[in-house]
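Shown next, in C-alpha cells, is the structure this report addresses.
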Amino acid sequence: MKRLLTLLLILFLIYPFIILLSHGYQLSLPDMDRLLVVGAWSVIQSALSASLSIGFGVVGCLGLFSLRSKLVLKGSQLALMLPSFIPTLFVVLSYINVLDFLGASLFGLHSVIICHVLVSCGLVAVLLHQQVSHKLGNYCEIGLVSGAGRFIFFRKVFLPLMKIELLALWFFVFSMCFSSFTVPQILGGRTPLSLDVLIYENIKIYSDMGKALGVVVVQFLCVLTLVLLFKKPKVKAKPSHKSMKILSFRPGLFVGLFLTAVIIFGDFFGVLTGFVKLYNSQIDRELLLGFCVNTAFISLMSGLLSLLLLMITAFVCESRRVSQLMMAFIAPSGVLVGFSLLLGAEFLAPEWRVILGFLMINTSVLYRMGMYSYLQLIRPQLVLARVASAGVGLTFFRVIFPQVFTKALHLSAIASFWAAGEYTVSTVVSESDFTLALWVKSLMASYRLPEATAASWAMIFIGFLCYLFFQGASSVFSKKTL
C-alpha cells in the first residue's frame, strides 16, 4: 500500500513533465531572435530585482536587530513577510493604484522590477535575519566588547562571512523573478519580460504549441541550472539575540515597514466607490456572485486536497529517500503546469484544472514549509514503533496521525488562502473569466480600477474565510488530542 501511494504521489508531482515529454513530437524550435531578446530582458529584470531585493533586505534585516521585544519582533517579521504571503495580483493592483494616484508611468521594466522588490525584500529581510542570528552571534559579541564600529563590523565581518548566504538568497530571488508570470504579464507592456510570458503568448495569441513547448524546455533547463548552482549554506547553533546589538539599525526597519504600508495603502484607493459601482450594476452583481462561488470552491477544495496530500506524504515519507525527494523536488512554473493541463486534461472543468495545477506546484512547497521538520521530530518514535514490530497502519494512526494532522490543517489553511488568488494556471487553462483573480485582471485591463480593487478585496476575504475554516478545525482537533 505504501509503495503504491508513493508511486502515485511521485507520478502526480511529475505529471506536467510526463505530459510534455509525451507531446515531444510537437516540439519545434522557437524564433531564436525573439527568444534571445526575451531571455536577455528576463535575465536583466531578474538580476536587477534580485540585487535590489537583497539590498533592501539587508537594510530591513539590520532594522530587525534593533528590536528587543520578542512580540514586537514577531509582529514586524509578519508585517515584512505580508507582501510575499498575499496573492501577487493584490500587490500589482496596489502598485497600479499608487502610480495612478501619482500620475506616473504604469508599464515597463522599471515597474516590473519595483513590484518584484516590493514582493521579495521583506521575505529576504526575515530569512537573512534568521541566518545572521545563527551564524554571527559570537562575532557580534566580540565586536561589541572590543568597541568596533557598526560600519567597520558590517564591512569587515558581516559581508565576508555572509557572502554565501547572500549569494544563495540572490539566486533564490533571481529564480523567482526569472519564472515570474503575473507581474511581467500585467506590467511588462508590449515586450515580454519573462519566458513564462513568451510561453503564454505562443499558446494564447499565436496558438503555436510546438514553439511554446520549445520555450518550456529552454526555461526548464535555465531553472535547473540555477538550482544546480545553488549552494545551501551551513548554519550553527543559534546564539542569544542580545549579542546582535552591534548590527542594529532602526531606520532599516522603517524602510521595510514603509514598503509594506505602501502595498496595503494602495489597495484602499477607491474600494468603497468600487463596491458601490459593482452593486449598482446588475451585470456586475451577477458576475461578482458567480466568481465568488467559483473562487470559494477552488479555495476550499484546494485546502481539502492539500490536507489529503500532506497526510499521504506523512504516511510515505517515513522513508528517508522519499523525504529527500520531496525536499529536492523542483516545482514547475505555473505556466508550464497550466500548459500540461491544457494538453493532458482538457476533459476536466477549468475549476478542477486550476485545483490540480495548484496542488502540483505547492504540495512540495507546503511539505518544506513545515511538514518535513515536524516529521523529523517524531522520527525516533517511528523507529521505536518499528522495533516493537508495529504495523504500518497502526504506526500511522497511533503515532503519525495524532501528531501531524494539526500541522497539516495549518498548512492547508495557508494553501486555501493562496488558492483564492491563483492567477497563472487559471490564465493558461481558460479562455474566459471564471474566478475573481481573472476578473480583477479584466477590470484592470478596462481601467476600472475601483471595481478591480473591490473585487480583489472580495478575493482576499474569501481566502481569509477558508483560512479561518481550516485554522478553526486545527484548533478544535488540537484540543481534542490534548
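Each chain in the C-alpha cells gets a letter, A, B and so on, in the order shown; residues start at 1 in every chain, and ligands are counted from 1 in the order they appear.
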
> Can you tell me, as a PyMOL selection string, what residues are no more than 12 Å from Ala261 in chain A when counting only C-alpha atoms, ignoring any on the same chain fewer than 2 positions away?
Replying inline: chain A and resi 76+79-83+91+94-95+98+118+122+254-259+263-268

Nearby residues (only C-alpha atoms) at most 12 Å from range 274-282 of chain A, same-chain spacing under 6 positions excluded, as a CSV table (one decimal) with N, CA and C atoms, in the first residue's frame:
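Just written: part37.csv:
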```csv
chain,number,residue,atom,x,y,z
A,267,ASP,N,-4.2,49.5,-1.8
A,267,ASP,CA,-5.4,48.7,-2.1
A,267,ASP,C,-6.6,49.2,-1.4
A,268,PHE,N,-6.5,50.4,-0.8
A,268,PHE,CA,-7.7,51.1,-0.2
A,268,PHE,C,-8.2,52.2,-1.1
A,288,LEU,N,-20.1,39.1,-10.0
A,288,LEU,CA,-19.4,39.0,-8.7
A,288,LEU,C,-19.8,37.8,-7.9
A,289,LEU,N,-21.1,37.5,-7.9
A,289,LEU,CA,-21.6,36.4,-7.2
A,289,LEU,C,-21.1,35.1,-7.7
A,440,VAL,N,-10.5,40.4,-11.9
A,440,VAL,CA,-9.7,41.6,-11.4
A,440,VAL,C,-8.8,42.0,-12.6
A,443,LEU,N,-10.9,43.7,-15.3
A,443,LEU,CA,-11.3,45.1,-14.8
A,443,LEU,C,-10.1,46.0,-14.9
A,448,ARG,N,-10.9,49.9,-15.0
A,448,ARG,CA,-11.9,50.1,-14.0
A,448,ARG,C,-11.2,49.8,-12.6
A,449,LEU,N,-10.3,50.6,-12.2
A,449,LEU,CA,-9.5,50.3,-11.0
A,449,LEU,C,-10.3,50.3,-9.7
A,450,PRO,N,-11.3,51.1,-9.5
A,450,PRO,CA,-12.1,51.0,-8.2
A,450,PRO,C,-12.8,49.6,-8.2
A,451,GLU,N,-13.4,49.2,-9.3
A,451,GLU,CA,-14.1,47.9,-9.3
A,451,GLU,C,-13.1,46.8,-9.1
A,452,ALA,N,-11.9,46.9,-9.8
A,452,ALA,CA,-10.9,45.9,-9.6
A,452,ALA,C,-10.5,45.8,-8.2
A,453,THR,N,-10.3,46.9,-7.5
A,453,THR,CA,-9.9,46.9,-6.1
A,453,THR,C,-10.9,46.3,-5.2
A,454,ALA,N,-12.2,46.6,-5.5
A,454,ALA,CA,-13.3,46.0,-4.7
A,454,ALA,C,-13.3,44.5,-4.9
A,455,ALA,N,-13.2,44.0,-6.1
A,455,ALA,CA,-13.2,42.6,-6.4
A,455,ALA,C,-12.0,41.9,-5.8
A,456,SER,N,-10.8,42.6,-5.7
A,456,SER,CA,-9.6,42.0,-5.1
A,456,SER,C,-9.8,41.8,-3.6
A,457,TRP,N,-10.5,42.7,-3.0
A,457,TRP,CA,-10.8,42.6,-1.5
A,457,TRP,C,-11.8,41.4,-1.3
A,458,ALA,N,-12.7,41.3,-2.2
A,458,ALA,CA,-13.6,40.1,-2.1
A,458,ALA,C,-12.8,38.8,-2.2
```

>> I'd like the interatomic distance between CA of Met209 in chain A and CA of Gly338 in chain A, to a tenth of an Å.
In response: 12.6 Å

>> Write out as an MDAnalysis selection string the set of residues from range 235-414 of chain A that DSSP, computed on the backbone, places in helix (DSSP H, G or I).
In response: chainID A and resid 241:247 250:266 271:280 282:316 320:328 334:344 350:387 392:414

>> If we count only C-alpha atoms and set the cut-off at 10 Å, which residues sit around Leu465 in chain A, ignoring sequence neighbours fewer than 3 positions away in its own chain? Please answer as number ranges by chain.
In response: A: 296, 299-300, 413, 416-417, 460-462, 468-471

File of the preceding selection, C-alpha atoms, as a compact mmCIF listing (two decimals), in the first residue's frame:
```
# COMPACT_ATOMS: atom_id res chain seq x y z
CA ALA A 296 -14.64 29.76 -2.82
CA SER A 299 -10.04 27.69 -2.38
CA LEU A 300 -11.91 25.16 -0.24
CA ALA A 413 -5.23 26.81 5.70
CA SER A 416 -6.59 27.61 0.74
CA PHE A 417 -5.70 31.29 1.15
CA ILE A 460 -8.89 38.23 -0.11
CA PHE A 461 -12.00 37.94 2.09
CA ILE A 462 -12.95 34.56 0.61
CA LEU A 468 -10.16 30.55 9.22
CA PHE A 469 -12.13 27.37 8.47
CA PHE A 470 -9.01 25.20 8.40
CA GLN A 471 -7.40 27.05 11.30
```
